[in-house]
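The block underneath contains the structure these notes are about, expressed in C-alpha cells.
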Amino acid sequence: MTEKKTLGVLLLTSPYTFQNSHTFYDLAKAALEKGYAVKAFLFVDAVNNAKLGQEPDPDVPMNDRFQELADLGVEFQACGLCTTARGFDQLGSDYISGVEVTGLTELAEIMGETEKFITFGV
C-alpha cells in the first residue's frame, strides 16, 4: 500500500487583503479530492484567517472556510509568536477547532515531510 502524499502550505497573508486565502482554500480542497493530505502553517498576518468571529460582508467568513477544511482533515498550525503579537490566546481559544498553536520547529517539520510545499505571501 502506498503512503498518502502530503501538500504543505505556508500562508503569510491576512484573509481579506489579498486573494491568497481564497486560493489556498481552493487548492486545499482540490488536493484533498485528489487524495492528498494537507498541512498548513499560518504565519505572520495569516494567523487572522482562522480567528473566530469574523463578519465580512458580503464574503463568506474565512474562518468558516478554514473550519470546513479542518473538518475535511486539513491540519492547521499557527505561529505562537504571531498569535501573541496580535493578542490571541496561546491555547488556541480564539481559533476554529483544529488549529494548534506551535512554533517554527513545527514549520520545519512540515517542510521536511511533504512532497510539495507552497508559500502564499506578498
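We label chains A, B, ... in the order they appear in the C-alpha cells, count residues from 1 in each chain, and number ligands from 1 in the order shown.
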
Check: Among chain A, which residues carry a DSSP assignment of helix (DSSP H, G or I), reported as a PyMOL selection string?
Finding: chain A and resi 20-33+44-50+62-71+80-85+104-113

Next item on the list: Could you tell me, as a list in words, which residues of chain A DSSP assigns to strand (DSSP E or B) when given the backbone?
Entry: Thr6, Leu7, Gly8, Val9, Leu10, Leu11, Ala37, Val38, Lys39, Ala40, Phe41, Leu42, Lys51, Glu75, Phe76, Gln77, Ala78, Cys79, Tyr95, Val99, Glu100, Val101, Thr102, Lys116, Phe117, Ile118, Thr119 and Phe120 of chain A

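Among the candidate residues A:Leu42, A:Val74, A:Met62, A:Leu11, the one lying nearest to A:Ala30 is A:Val74, with distances computed using only C-alpha atoms.
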
Next item on the list: For atom CA of A:Phe76 and atom CA of A:Glu55, quote the distance in Å rounded to one decimal.
Entry: 21.1 Å

A:Ala50: which residues within 12 Å, counting only C-alpha atoms, same-chain residues fewer than 4 positions away excluded, as a PDB file with C-alpha atoms, in the first residue's frame?
```
ATOM      1  CA  LEU A  11       0.299  31.098   4.383  1.00  0.00           C
ATOM      2  CA  THR A  13      -1.267  36.977   4.492  1.00  0.00           C
ATOM      3  CA  SER A  14      -4.480  38.055   6.191  1.00  0.00           C
ATOM      4  CA  PRO A  15      -7.850  36.868   4.907  1.00  0.00           C
ATOM      5  CA  SER A  21      -6.501  32.754   1.473  1.00  0.00           C
ATOM      6  CA  TYR A  25      -8.881  27.224   0.206  1.00  0.00           C
ATOM      7  CA  ALA A  40      -0.902  24.336   6.625  1.00  0.00           C
ATOM      8  CA  PHE A  41       1.183  26.689   8.756  1.00  0.00           C
ATOM      9  CA  LEU A  42      -0.295  30.136   9.442  1.00  0.00           C
ATOM     10  CA  PHE A  43       2.480  32.683   9.863  1.00  0.00           C
ATOM     11  CA  ASP A  45      -0.793  38.014   9.459  1.00  0.00           C
ATOM     12  CA  ALA A  46      -2.132  34.652   8.247  1.00  0.00           C
ATOM     13  CA  GLN A  54     -15.177  37.231  11.503  1.00  0.00           C
ATOM     14  CA  PRO A  61     -16.002  34.391   6.640  1.00  0.00           C
ATOM     15  CA  MET A  62     -12.579  32.883   6.071  1.00  0.00           C
ATOM     16  CA  ASN A  63     -12.704  31.194   9.476  1.00  0.00           C
ATOM     17  CA  ASP A  64     -15.793  29.284   8.243  1.00  0.00           C
ATOM     18  CA  ARG A  65     -13.889  28.180   5.139  1.00  0.00           C
ATOM     19  CA  PHE A  66     -10.908  27.111   7.232  1.00  0.00           C
ATOM     20  CA  GLN A  67     -13.215  25.211   9.606  1.00  0.00           C
ATOM     21  CA  GLU A  68     -14.612  23.382   6.584  1.00  0.00           C
ATOM     22  CA  LEU A  69     -11.065  22.416   5.586  1.00  0.00           C
ATOM     23  CA  ALA A  70     -10.212  21.311   9.129  1.00  0.00           C
ATOM     24  CA  PHE A  76      -3.562  23.692  10.736  1.00  0.00           C
ATOM     25  CA  GLN A  77      -0.790  25.118  12.860  1.00  0.00           C
ATOM     26  CA  ALA A  78      -0.462  28.782  13.819  1.00  0.00           C
ATOM     27  CA  CYS A  79       2.753  30.537  14.819  1.00  0.00           C
ATOM     28  CA  THR A  83      -0.606  34.928  17.757  1.00  0.00           C
ATOM     29  CA  PHE A  88      -4.652  35.997  20.593  1.00  0.00           C
ATOM     30  CA  GLY A  92      -5.964  28.449  20.696  1.00  0.00           C
ATOM     31  CA  SER A  93      -9.327  29.505  22.166  1.00  0.00           C
ATOM     32  CA  ASP A  94      -9.540  32.385  19.656  1.00  0.00           C
ATOM     33  CA  TYR A  95      -9.396  29.928  16.757  1.00  0.00           C
ATOM     34  CA  ILE A  96     -11.567  27.436  14.942  1.00  0.00           C
ATOM     35  CA  SER A  97     -11.308  23.882  16.213  1.00  0.00           C
ATOM     36  CA  GLY A  98      -8.407  22.017  14.693  1.00  0.00           C
ATOM     37  CA  VAL A  99      -5.810  24.805  14.893  1.00  0.00           C
ATOM     38  CA  GLU A 100      -2.761  24.074  17.014  1.00  0.00           C
ATOM     39  CA  VAL A 101      -0.617  26.997  18.187  1.00  0.00           C
TER      40      VAL A 101
END
```

Notebook entry, point to check: If you measure from atom CA of A:Asp26 to atom CA of A:Glu75, what distance in Å do you get, rounded to one decimal?
Noted result: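 Taking atom CA of A:Asp26 as the start and atom CA of A:Glu75 as the end point, the length is 15.4 Å.
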
Item checked: Contact residues around A:Glu115 with only C-alpha atoms at 9 Å, ignoring same-chain residues under 2 positions, as a PyMOL selection string -> chain A and resi 5-8+111-113+117

Restricting the output to C-alpha atoms, write the selected residues as a PDB file, in the first residue's frame.
```
ATOM      1  CA  LYS A   5       1.187  12.181  -0.434  1.00  0.00           C
ATOM      2  CA  THR A   6       1.150  15.405   1.566  1.00  0.00           C
ATOM      3  CA  LEU A   7       0.898  19.018   0.409  1.00  0.00           C
ATOM      4  CA  GLY A   8       2.463  21.563   2.750  1.00  0.00           C
ATOM      5  CA  MET A 111       8.544  21.282   5.155  1.00  0.00           C
ATOM      6  CA  GLY A 112      10.607  18.145   5.651  1.00  0.00           C
ATOM      7  CA  GLU A 113       7.763  15.649   5.455  1.00  0.00           C
ATOM      8  CA  PHE A 117       5.451  22.772  -0.377  1.00  0.00           C
TER       9      PHE A 117
END
```
